[in-house]
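This is query-v8.pdb. It holds PDB, C-alpha atoms.
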```pdb
ATOM      1  CA  MET K  10       0.159 -23.157  -8.352
ATOM      2  CA  SER K  11       3.499 -24.956  -8.491
ATOM      3  CA  ARG K  12       6.535 -23.076  -9.732
ATOM      4  CA  HIS K  13      10.172 -22.486  -8.958
ATOM      5  CA  VAL K  14       9.681 -19.337  -6.872
ATOM      6  CA  ALA K  15       6.563 -18.456  -4.835
ATOM      7  CA  ILE K  16       5.580 -14.876  -4.046
ATOM      8  CA  VAL K  17       4.175 -13.883  -0.647
ATOM      9  CA  THR K  18       3.163 -10.340   0.246
ATOM     10  CA  ASP K  19       0.801  -8.841   2.809
ATOM     11  CA  SER K  20      -2.729  -7.505   2.716
ATOM     12  CA  THR K  21      -1.631  -3.866   2.401
ATOM     13  CA  ALA K  22      -0.504  -4.490  -1.206
ATOM     14  CA  TYR K  23      -4.161  -4.118  -2.273
ATOM     15  CA  LEU K  24      -3.674  -6.123  -5.440
ATOM     16  CA  PRO K  25      -6.912  -7.040  -7.248
ATOM     17  CA  ARG K  26      -7.967 -10.548  -6.283
ATOM     18  CA  GLN K  27      -8.003 -11.762  -9.882
ATOM     19  CA  THR K  28      -4.457 -10.479 -10.380
ATOM     20  CA  MET K  29      -3.248 -12.350  -7.311
ATOM     21  CA  GLU K  30      -4.925 -15.543  -8.491
ATOM     22  CA  ARG K  31      -3.502 -15.224 -11.993
ATOM     23  CA  HIS K  32       0.047 -14.866 -10.664
ATOM     24  CA  GLY K  33      -0.295 -17.198  -7.665
ATOM     25  CA  ILE K  34       0.533 -14.438  -5.156
ATOM     26  CA  THR K  35      -0.330 -15.044  -1.490
ATOM     27  CA  ALA K  36      -1.212 -12.127   0.809
ATOM     28  CA  VAL K  37      -0.786 -12.564   4.562
ATOM     29  CA  PRO K  38      -3.389 -10.444   6.403
ATOM     30  CA  LEU K  39      -2.618  -7.702   8.883
ATOM     31  CA  THR K  40      -5.049  -7.151  11.754
ATOM     32  CA  VAL K  41      -7.334  -4.246  12.571
ATOM     33  CA  VAL K  42      -8.328  -3.904  16.229
ATOM     34  CA  LEU K  43     -11.746  -2.267  16.450
ATOM     35  CA  GLY K  44     -12.628  -1.697  20.083
ATOM     36  CA  ASP K  45     -11.991  -5.119  21.627
ATOM     37  CA  GLN K  46     -12.292  -7.041  18.329
ATOM     38  CA  ALA K  47      -9.259  -8.196  16.354
ATOM     39  CA  LEU K  48     -10.257  -8.547  12.692
ATOM     40  CA  GLU K  49      -8.276  -9.726   9.667
ATOM     41  CA  GLU K  50      -7.945  -7.184   6.895
ATOM     42  CA  GLY K  51      -9.670  -8.199   3.710
ATOM     43  CA  THR K  52     -11.839 -10.960   5.155
ATOM     44  CA  GLU K  53     -13.255  -9.849   8.496
ATOM     45  CA  ILE K  54     -13.437  -6.061   8.105
ATOM     46  CA  SER K  55     -14.113  -3.983   5.016
ATOM     47  CA  ALA K  56     -12.859  -0.513   4.202
ATOM     48  CA  ARG K  57     -16.431   0.774   4.390
ATOM     49  CA  SER K  58     -16.939  -0.618   7.907
ATOM     50  CA  LEU K  59     -13.638   0.907   8.941
ATOM     51  CA  ALA K  60     -14.621   4.322   7.551
ATOM     52  CA  LEU K  61     -17.901   4.246   9.461
ATOM     53  CA  ALA K  62     -16.081   3.320  12.679
ATOM     54  CA  LEU K  63     -13.641   6.207  12.233
ATOM     55  CA  GLN K  64     -16.459   8.657  11.541
ATOM     56  CA  LYS K  65     -18.059   7.542  14.823
ATOM     57  CA  ARG K  66     -14.665   8.112  16.519
ATOM     58  CA  ARG K  67     -14.383   4.503  17.645
ATOM     59  CA  SER K  68     -10.990   3.267  18.819
ATOM     60  CA  VAL K  69      -9.093   1.703  15.893
ATOM     61  CA  THR K  70      -5.547   0.341  15.887
ATOM     62  CA  THR K  71      -3.630  -2.056  13.663
ATOM     63  CA  SER K  72      -1.346  -5.014  14.281
ATOM     64  CA  ARG K  73       1.210  -6.968  12.256
ATOM     65  CA  PRO K  74       0.702 -10.662  11.396
ATOM     66  CA  SER K  75       2.297 -13.133  13.774
ATOM     67  CA  PRO K  76       5.395 -15.084  12.694
ATOM     68  CA  GLU K  77       3.249 -18.226  12.903
ATOM     69  CA  ILE K  78       0.983 -16.949  10.126
ATOM     70  CA  PHE K  79       3.979 -16.301   7.911
ATOM     71  CA  ALA K  80       5.397 -19.728   8.755
ATOM     72  CA  ALA K  81       2.137 -21.337   7.603
ATOM     73  CA  ALA K  82       2.288 -19.416   4.311
ATOM     74  CA  TYR K  83       5.870 -20.533   3.683
ATOM     75  CA  ARG K  84       5.010 -24.170   4.463
ATOM     76  CA  ALA K  85       2.047 -24.031   2.080
ATOM     77  CA  ALA K  86       4.272 -22.671  -0.691
ATOM     78  CA  ALA K  87       6.803 -25.461  -0.157
ATOM     79  CA  GLU K  88       4.064 -28.107  -0.124
ATOM     80  CA  ALA K  89       2.753 -26.687  -3.417
ATOM     81  CA  GLY K  90       6.128 -27.307  -5.011
ATOM     82  CA  ALA K  91       8.020 -24.033  -4.594
ATOM     83  CA  ALA K  92      11.784 -24.339  -4.290
ATOM     84  CA  GLY K  93      12.002 -20.891  -2.717
ATOM     85  CA  VAL K  94       9.864 -17.988  -1.534
ATOM     86  CA  ILE K  95      10.139 -14.226  -1.910
ATOM     87  CA  SER K  96       8.284 -12.421   0.875
ATOM     88  CA  LEU K  97       7.678  -8.757  -0.006
ATOM     89  CA  HIS K  98       6.238  -6.372   2.568
ATOM     90  CA  LEU K  99       5.250  -2.855   3.428
ATOM     91  CA  SER K 100       7.837  -0.469   4.789
ATOM     92  CA  ALA K 101       9.458  -1.534   8.052
ATOM     93  CA  GLU K 102       9.256   2.143   9.038
ATOM     94  CA  LEU K 103       5.463   1.807   9.135
ATOM     95  CA  SER K 104       4.900  -1.708  10.490
ATOM     96  CA  GLY K 105       6.530  -4.676  12.209
ATOM     97  CA  THR K 106       5.307  -6.972   9.419
ATOM     98  CA  TYR K 107       8.786  -7.279   7.877
ATOM     99  CA  ASP K 108      10.280  -8.280  11.235
ATOM    100  CA  ALA K 109       7.634 -10.976  11.769
ATOM    101  CA  ALA K 110       8.365 -12.386   8.314
ATOM    102  CA  LEU K 111      12.101 -12.494   9.096
ATOM    103  CA  VAL K 112      11.448 -14.541  12.228
ATOM    104  CA  ALA K 113       9.342 -17.058  10.333
ATOM    105  CA  ALA K 114      11.808 -17.316   7.459
ATOM    106  CA  LYS K 115      14.539 -18.715   9.723
ATOM    107  CA  ASP K 116      12.775 -22.068  10.107
ATOM    108  CA  ALA K 117      11.032 -22.285   6.735
ATOM    109  CA  PRO K 118      11.361 -25.592   4.820
ATOM    110  CA  VAL K 119      12.661 -23.771   1.708
ATOM    111  CA  PRO K 120      14.828 -20.669   1.300
ATOM    112  CA  VAL K 121      12.862 -17.464   1.949
ATOM    113  CA  ARG K 122      14.077 -14.014   0.920
ATOM    114  CA  VAL K 123      12.291 -11.349   2.971
ATOM    115  CA  VAL K 124      12.293  -7.877   1.414
ATOM    116  CA  ASP K 125      11.429  -4.547   3.010
ATOM    117  CA  THR K 126      10.187  -2.746  -0.100
ATOM    118  CA  GLY K 127       9.833   0.594   1.678
ATOM    119  CA  MET K 128       6.458   0.779  -0.051
ATOM    120  CA  VAL K 129       2.769   0.377   0.795
ATOM    121  CA  ALA K 130      -0.534  -0.104  -1.068
ATOM    122  CA  MET K 131      -0.114  -0.663  -4.826
ATOM    123  CA  ALA K 132       3.431   0.682  -4.581
ATOM    124  CA  LEU K 133       4.008  -2.642  -2.809
ATOM    125  CA  GLY K 134       1.639  -4.437  -5.162
ATOM    126  CA  PHE K 135       3.658  -3.422  -8.229
ATOM    127  CA  CYS K 136       6.798  -4.845  -6.569
ATOM    128  CA  ALA K 137       5.034  -8.160  -5.991
ATOM    129  CA  LEU K 138       3.895  -8.222  -9.617
ATOM    130  CA  ALA K 139       7.431  -7.552 -10.853
ATOM    131  CA  ALA K 140       8.771 -10.454  -8.787
ATOM    132  CA  ALA K 141       5.960 -12.773  -9.922
ATOM    133  CA  GLU K 142       6.440 -11.965 -13.616
ATOM    134  CA  THR K 143      10.189 -12.548 -13.326
ATOM    135  CA  ALA K 144       9.634 -15.885 -11.579
ATOM    136  CA  GLU K 145       7.105 -16.921 -14.219
ATOM    137  CA  ALA K 146       9.700 -16.181 -16.904
ATOM    138  CA  GLY K 147      12.077 -18.631 -15.220
ATOM    139  CA  GLY K 148      14.007 -16.293 -12.960
ATOM    140  CA  GLY K 149      15.341 -17.568  -9.662
ATOM    141  CA  LEU K 150      15.253 -15.996  -6.216
ATOM    142  CA  ASP K 151      17.999 -13.463  -6.928
ATOM    143  CA  GLU K 152      16.497 -12.337 -10.232
ATOM    144  CA  ALA K 153      12.986 -11.981  -8.841
ATOM    145  CA  VAL K 154      14.207 -10.042  -5.783
ATOM    146  CA  ALA K 155      16.217  -7.753  -8.059
ATOM    147  CA  ALA K 156      13.130  -7.115 -10.199
ATOM    148  CA  ALA K 157      11.072  -6.192  -7.134
ATOM    149  CA  GLU K 158      13.779  -3.917  -5.766
ATOM    150  CA  LYS K 159      14.204  -2.197  -9.128
ATOM    151  CA  ARG K 160      10.457  -1.582  -9.304
ATOM    152  CA  ALA K 161      10.456  -0.203  -5.756
ATOM    153  CA  ALA K 162      13.337   2.165  -6.542
ATOM    154  CA  GLY K 163      11.400   3.727  -9.412
ATOM    155  CA  THR K 164       7.969   3.849  -7.778
ATOM    156  CA  SER K 165       6.479   6.910  -6.091
ATOM    157  CA  ALA K 166       3.376   7.315  -3.947
ATOM    158  CA  PHE K 167       1.566  10.587  -3.286
ATOM    159  CA  PHE K 168      -1.638  11.201  -1.388
ATOM    160  CA  TYR K 169      -4.048  13.742  -0.027
ATOM    161  CA  VAL K 170      -5.809  13.438   3.336
ATOM    162  CA  ASP K 171      -8.491  15.641   4.833
ATOM    163  CA  THR K 172      -6.628  15.766   8.146
ATOM    164  CA  LEU K 173      -3.307  14.623   9.576
ATOM    165  CA  ASP K 174      -4.946  13.623  12.875
ATOM    166  CA  TYR K 175      -5.230   9.918  12.012
ATOM    167  CA  LEU K 176      -1.587   9.696  10.953
ATOM    168  CA  ARG K 177      -0.566  11.523  14.125
ATOM    169  CA  ARG K 178      -2.595   9.214  16.379
ATOM    170  CA  GLY K 179      -0.992   6.160  14.810
ATOM    171  CA  GLY K 180       2.500   7.598  15.071
ATOM    172  CA  ARG K 181       2.955   7.598  11.293
ATOM    173  CA  ILE K 182       3.687  11.306  11.067
ATOM    174  CA  GLY K 183       5.328  13.662  13.515
ATOM    175  CA  ALA K 184       3.174  15.615  15.944
ATOM    176  CA  ALA K 185       4.848  18.862  14.864
ATOM    177  CA  GLN K 186       3.899  18.288  11.227
ATOM    178  CA  ALA K 187       0.328  17.410  12.186
ATOM    179  CA  LEU K 188       0.039  20.480  14.398
ATOM    180  CA  LEU K 189       1.388  22.705  11.636
ATOM    181  CA  GLY K 190      -1.280  21.488   9.232
ATOM    182  CA  SER K 191      -4.062  22.048  11.736
ATOM    183  CA  ALA K 192      -2.827  25.440  12.879
ATOM    184  CA  LEU K 193      -2.592  26.810   9.356
ATOM    185  CA  ALA K 194      -5.884  25.222   8.246
ATOM    186  CA  VAL K 195      -4.172  23.829   5.148
ATOM    187  CA  LYS K 196      -4.803  20.653   3.201
ATOM    188  CA  PRO K 197      -1.752  18.393   3.210
ATOM    189  CA  LEU K 198      -0.202  16.542   0.307
ATOM    190  CA  LEU K 199       2.064  13.723   1.424
ATOM    191  CA  GLN K 200       4.541  11.350  -0.139
ATOM    192  CA  LEU K 201       6.244   8.094   0.721
ATOM    193  CA  GLU K 202       9.912   8.943   1.099
ATOM    194  CA  GLY K 203      12.541   6.570   2.450
ATOM    195  CA  GLY K 204       9.784   4.290   3.702
ATOM    196  CA  ARG K 205       8.252   7.090   5.753
ATOM    197  CA  ILE K 206       5.230   9.317   5.253
ATOM    198  CA  GLU K 207       6.463  12.853   4.744
ATOM    199  CA  LEU K 208       4.681  16.157   4.244
ATOM    200  CA  LEU K 209       5.239  17.190   0.616
ATOM    201  CA  GLU K 210       3.232  20.399   0.205
ATOM    202  CA  LYS K 211       0.611  22.442   2.029
ATOM    203  CA  VAL K 212      -2.312  23.665  -0.086
ATOM    204  CA  ARG K 213      -5.087  26.004   1.020
ATOM    205  CA  THR K 214      -8.170  24.108  -0.166
ATOM    206  CA  ALA K 215      -9.158  20.520  -0.895
ATOM    207  CA  SER K 216      -9.914  21.233  -4.555
ATOM    208  CA  LYS K 217      -6.523  22.883  -5.078
ATOM    209  CA  ALA K 218      -4.790  20.030  -3.253
ATOM    210  CA  ILE K 219      -6.381  17.418  -5.516
ATOM    211  CA  ALA K 220      -5.562  19.456  -8.632
ATOM    212  CA  ARG K 221      -1.975  19.700  -7.422
ATOM    213  CA  LEU K 222      -1.928  15.922  -6.776
ATOM    214  CA  GLU K 223      -2.915  15.401 -10.414
ATOM    215  CA  GLU K 224      -0.115  17.689 -11.605
ATOM    216  CA  ILE K 225       2.499  15.929  -9.485
ATOM    217  CA  VAL K 226       1.447  12.469 -10.653
ATOM    218  CA  ALA K 227       1.345  13.457 -14.333
ATOM    219  CA  ALA K 228       4.789  15.046 -14.081
ATOM    220  CA  ARG K 229       6.235  12.019 -12.299
ATOM    221  CA  ALA K 230       4.746   9.654 -14.884
ATOM    222  CA  GLY K 231       6.460  11.414 -17.777
ATOM    223  CA  ALA K 232       6.139   9.997 -21.291
ATOM    224  CA  GLY K 233       7.504   6.474 -20.818
ATOM    225  CA  ALA K 234       5.560   3.294 -20.092
ATOM    226  CA  VAL K 235       4.092   3.537 -16.610
ATOM    227  CA  ASP K 236       1.520   1.869 -14.377
ATOM    228  CA  ILE K 237      -0.635   3.970 -12.061
ATOM    229  CA  ALA K 238      -2.905   3.072  -9.168
ATOM    230  CA  VAL K 239      -5.449   5.506  -7.749
ATOM    231  CA  HIS K 240      -6.506   4.756  -4.175
ATOM    232  CA  HIS K 241      -9.216   6.215  -1.980
ATOM    233  CA  LEU K 242     -11.124   5.688   1.251
ATOM    234  CA  ALA K 243     -14.826   6.542   1.136
ATOM    235  CA  ALA K 244     -14.197   8.837  -1.854
ATOM    236  CA  PRO K 245     -15.029   6.775  -4.972
ATOM    237  CA  GLU K 246     -16.242   9.700  -7.079
ATOM    238  CA  GLY K 247     -13.054  11.674  -6.459
ATOM    239  CA  ALA K 248     -10.941   8.637  -7.317
ATOM    240  CA  GLU K 249     -12.763   8.080 -10.612
ATOM    241  CA  ARG K 250     -12.424  11.748 -11.539
ATOM    242  CA  LEU K 251      -8.688  11.684 -10.838
ATOM    243  CA  ALA K 252      -8.288   8.451 -12.816
ATOM    244  CA  ASP K 253     -10.159   9.896 -15.806
ATOM    245  CA  ARG K 254      -7.994  13.009 -15.839
ATOM    246  CA  LEU K 255      -4.799  10.961 -15.600
ATOM    247  CA  ARG K 256      -5.885   8.806 -18.553
ATOM    248  CA  GLY K 257      -5.918  11.973 -20.636
ATOM    249  CA  ARG K 258      -2.628  13.356 -19.294
ATOM    250  CA  VAL K 259      -0.267  10.352 -19.201
ATOM    251  CA  PRO K 260       0.746   9.327 -22.738
ATOM    252  CA  GLY K 261       2.648   6.199 -21.688
ATOM    253  CA  LEU K 262      -0.060   4.817 -19.402
ATOM    254  CA  ALA K 263      -0.017   1.000 -19.476
ATOM    255  CA  GLU K 264      -2.275  -0.119 -16.615
ATOM    256  CA  LEU K 265      -4.437   2.010 -14.348
ATOM    257  CA  TYR K 266      -5.962   0.506 -11.210
ATOM    258  CA  VAL K 267      -8.644   2.243  -9.145
ATOM    259  CA  SER K 268      -9.375   0.793  -5.725
ATOM    260  CA  GLU K 269     -10.384   1.567  -2.186
ATOM    261  CA  VAL K 270      -7.613   1.004   0.345
ATOM    262  CA  GLY K 271      -8.144  -1.617   2.995
ATOM    263  CA  ALA K 272      -8.818  -1.153   6.657
ATOM    264  CA  VAL K 273      -5.173  -1.063   7.781
ATOM    265  CA  ILE K 274      -4.110   1.915   5.676
ATOM    266  CA  GLY K 275      -7.538   3.502   6.119
ATOM    267  CA  ALA K 276      -7.148   3.410   9.893
ATOM    268  CA  HIS K 277      -4.111   5.685   9.607
ATOM    269  CA  THR K 278      -5.373   8.070   6.929
ATOM    270  CA  GLY K 279      -9.088   8.456   7.628
ATOM    271  CA  PRO K 280     -12.014   8.899   5.225
ATOM    272  CA  GLY K 281     -11.410  11.215   2.286
ATOM    273  CA  LEU K 282      -8.010   9.776   1.400
ATOM    274  CA  LEU K 283      -7.127  10.178  -2.267
ATOM    275  CA  GLY K 284      -3.789   8.875  -3.463
ATOM    276  CA  ALA K 285      -1.858   7.786  -6.517
ATOM    277  CA  VAL K 286       1.033   5.392  -7.070
ATOM    278  CA  VAL K 287       3.261   5.946 -10.109
ATOM    279  CA  SER K 288       5.372   2.964 -11.167
ATOM    280  CA  PRO K 289       7.448   3.155 -14.381
ATOM    281  CA  ARG K 290       7.964  -0.151 -16.155
TER     282      ARG K 290
END
```

Go ahead and express the file in the form of structure tokens.
Amino acid sequence: MSRHVAIVTDSTAYLPRQTMERHGITAVPLTVVLGDQALEEGTEISARSLALALQKRRSVTTSRPSPEIFAAAYRAAAEAGAAGVISLHLSAELSGTYDAALVAAKDAPVPVRVVDTGMVAMALGFCALAAAETAEAGGGLDEAVAAAEKRAAGTSAFFYVDTLDYLRRGGRIGAAQALLGSALAVKPLLQLEGGRIELLEKVRTASKAIARLEEIVAARAGAGAVDIAVHHLAAPEGAERLADRLRGRVPGLAELYVSEVGAVIGAHTGPGLLGAVVSPR
């Protein structure tokens, strides 16, 4: 799709495929390393396969895209008629993806603005949508970047995990925090804060943790127009229940997405993840 500004993101945005096609958004894949196999997220490994591998305690790690992959995406955008590219990515605190995009942008055939959104999953996806909608309305690079950054500033992400072990193994949460959760036999609620995953609250049981997650999300959504995404890994029934309850509790709900996270985020959270992204319009 030819237009003034092209939007590139990465595979951790977890935007629905039809939404990406409608807005002409390109997602560069991160890599999941399963044993001795390097597999592209979204095409070569599914969330379900990843969950099964984790349950069998197989070795799973993740890797950023190479600068060459980003360079190819920027060239393709230029060849399709874009005068500039906005490249929006998951938090640089969680991945080297942003750094790889910066390297590629230096030699791109058109101007490329690389943005560390500080977000992940649909918190990133909503930023990409904001940039795409602004570009479609005729906005230039500066306007579309500003729209994405404004959306990021107002967006919150909260999630529940059965255990902090996967986050600890991947270095995404401190060992002391992980040990505290295990020692007290509590169920952790986490949030994305300053681009990092931080422990928000400790709740005694899974059912109470999920009920508390619902309360937090509903309170954060308020009464204004808001988009929400409910994510899960190998917990579709829990995700649908949470989504149904939020539909009844959020008066200004505009769009609600329910989706399973991909293999990259799943590798660091483990099966049983249940999360929600709240993004005011």

(request) Using all atoms listed in the file, find the one residue out of K:Arg26, K:Ile219, K:Leu150, K:Asp174 that sits nearest to K:Ala92. (result) K:Leu150

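This file, queried with the PyMOL selection byres ((chain K and resi 267-273) around 6), gives the residues Ala56, Leu59, Ala238, Val239, His240, His241, Leu242, Tyr266, Ile274, Gly275 and Ala276 of chain K.
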
(request) Check which residues satisfy the PyMOL selection byres ((chain K and resi 134-147) around 9) in the file shown, then give them as number ranges by chain. (result) K: 12-18, 21-24, 28-29, 32-34, 95-98, 126, 128-133, 148-150, 152-161, 164, 236, 288

With C-alpha atoms kept, could you save the residues just selected as a CSV table (one decimal), keeping the file's coordinate frame?
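This went into again_23.csv:
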```csv
chain,number,residue,atom,x,y,z
K,12,ARG,CA,6.5,-23.1,-9.7
K,13,HIS,CA,10.2,-22.5,-9.0
K,14,VAL,CA,9.7,-19.3,-6.9
K,15,ALA,CA,6.6,-18.5,-4.8
K,16,ILE,CA,5.6,-14.9,-4.0
K,17,VAL,CA,4.2,-13.9,-0.6
K,18,THR,CA,3.2,-10.3,0.2
K,21,THR,CA,-1.6,-3.9,2.4
K,22,ALA,CA,-0.5,-4.5,-1.2
K,23,TYR,CA,-4.2,-4.1,-2.3
K,24,LEU,CA,-3.7,-6.1,-5.4
K,28,THR,CA,-4.5,-10.5,-10.4
K,29,MET,CA,-3.2,-12.4,-7.3
K,32,HIS,CA,0.0,-14.9,-10.7
K,33,GLY,CA,-0.3,-17.2,-7.7
K,34,ILE,CA,0.5,-14.4,-5.2
K,95,ILE,CA,10.1,-14.2,-1.9
K,96,SER,CA,8.3,-12.4,0.9
K,97,LEU,CA,7.7,-8.8,0.0
K,98,HIS,CA,6.2,-6.4,2.6
K,126,THR,CA,10.2,-2.7,-0.1
K,128,MET,CA,6.5,0.8,-0.1
K,129,VAL,CA,2.8,0.4,0.8
K,130,ALA,CA,-0.5,-0.1,-1.1
K,131,MET,CA,-0.1,-0.7,-4.8
K,132,ALA,CA,3.4,0.7,-4.6
K,133,LEU,CA,4.0,-2.6,-2.8
K,148,GLY,CA,14.0,-16.3,-13.0
K,149,GLY,CA,15.3,-17.6,-9.7
K,150,LEU,CA,15.3,-16.0,-6.2
K,152,GLU,CA,16.5,-12.3,-10.2
K,153,ALA,CA,13.0,-12.0,-8.8
K,154,VAL,CA,14.2,-10.0,-5.8
K,155,ALA,CA,16.2,-7.8,-8.1
K,156,ALA,CA,13.1,-7.1,-10.2
K,157,ALA,CA,11.1,-6.2,-7.1
K,158,GLU,CA,13.8,-3.9,-5.8
K,159,LYS,CA,14.2,-2.2,-9.1
K,160,ARG,CA,10.5,-1.6,-9.3
K,161,ALA,CA,10.5,-0.2,-5.8
K,164,THR,CA,8.0,3.8,-7.8
K,236,ASP,CA,1.5,1.9,-14.4
K,288,SER,CA,5.4,3.0,-11.2
```

(request) Name the residues captured by the PyMOL selection byres ((chain K and resi 235) around 9) when it is applied to the shown file; answer as a PyMOL selection string. (result) chain K and resi 230-234+236-237+259+261-265+287-290

(message) What does the structure give for the distance between atom CA of K:His277 and atom CA of K:Ala228, in Å to one decimal?
(response) 27.0 Å

Using only C-alpha atoms, find each residue in stretch 16-52 of chain K having at least one atom no more than 12 Å away from stretch 105-113 of chain K; report its shortest atom-to-atom pair and that distance in Å (one decimal), rows by chain then rising number, as a Markdown table.
```
| residue | atom | partner | partner_atom | distance |
| --- | --- | --- | --- | --- |
| K:Val17 | CA | K:Ala110 | CA | 10.0 |
| K:Thr18 | CA | K:Ala110 | CA | 9.8 |
| K:Asp19 | CA | K:Thr106 | CA | 8.2 |
| K:Ser20 | CA | K:Thr106 | CA | 10.5 |
| K:Thr21 | CA | K:Thr106 | CA | 10.3 |
| K:Ala36 | CA | K:Thr106 | CA | 12.0 |
| K:Val37 | CA | K:Thr106 | CA | 9.6 |
| K:Pro38 | CA | K:Thr106 | CA | 9.8 |
| K:Leu39 | CA | K:Thr106 | CA | 8.0 |
| K:Thr40 | CA | K:Thr106 | CA | 10.6 |
```

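Reported to one decimal place, the separation of atom CA of K:Ala244 from atom CA of K:Ser58 is 13.9 Å.
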
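Remark: for K:Val94, the closest of the candidate residues K:Lys211, K:Arg229, K:Arg205, K:Arg122 is K:Arg122 (distances computed over only C-alpha atoms).
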
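Candidate residues K:Val195, K:Ala81, K:Leu208, K:Ala220 were compared for distance to K:Asp116, and the nearest is K:Ala81, using all atoms listed in the file.
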
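Taking atom CA of K:Lys196 and atom CA of K:Leu173 as the two end points, the separation is 8.9 Å.
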
Mind checking which residues fall within 7 Å of K:Val42, counting only C-alpha atoms, ignoring those fewer than 6 positions away in the same chain, and posting them as a short mmCIF file (atom, residue, chain, number, x, y, z; two decimals) with C-alpha atoms, in the coordinates of the input?
```cif
data_model
loop_
_atom_site.label_atom_id
_atom_site.label_comp_id
_atom_site.auth_asym_id
_atom_site.auth_seq_id
_atom_site.Cartn_x
_atom_site.Cartn_y
_atom_site.Cartn_z
CA LEU K 48 -10.26 -8.55 12.69
CA VAL K 69 -9.09 1.70 15.89
CA THR K 70 -5.55 0.34 15.89
CA THR K 71 -3.63 -2.06 13.66
#
```

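Closest approach to K:Arg258 from the set K:Pro245, K:Gly90, K:Ala285, K:Glu224 is made by K:Glu224, with distances taken over only C-alpha atoms.
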
(message) With distances taken over only C-alpha atoms, which residue among K:Val124, K:Leu103, K:Leu222, K:Leu251 lies nearest K:Arg73?
(response) K:Leu103

(message) For K:Leu201, find every residue with an atom within 8 Å (counting only C-alpha atoms), except residues of its own chain fewer than 6 positions away, and show them as a PyMOL selection string.
(response) chain K and resi 128+165-167+207
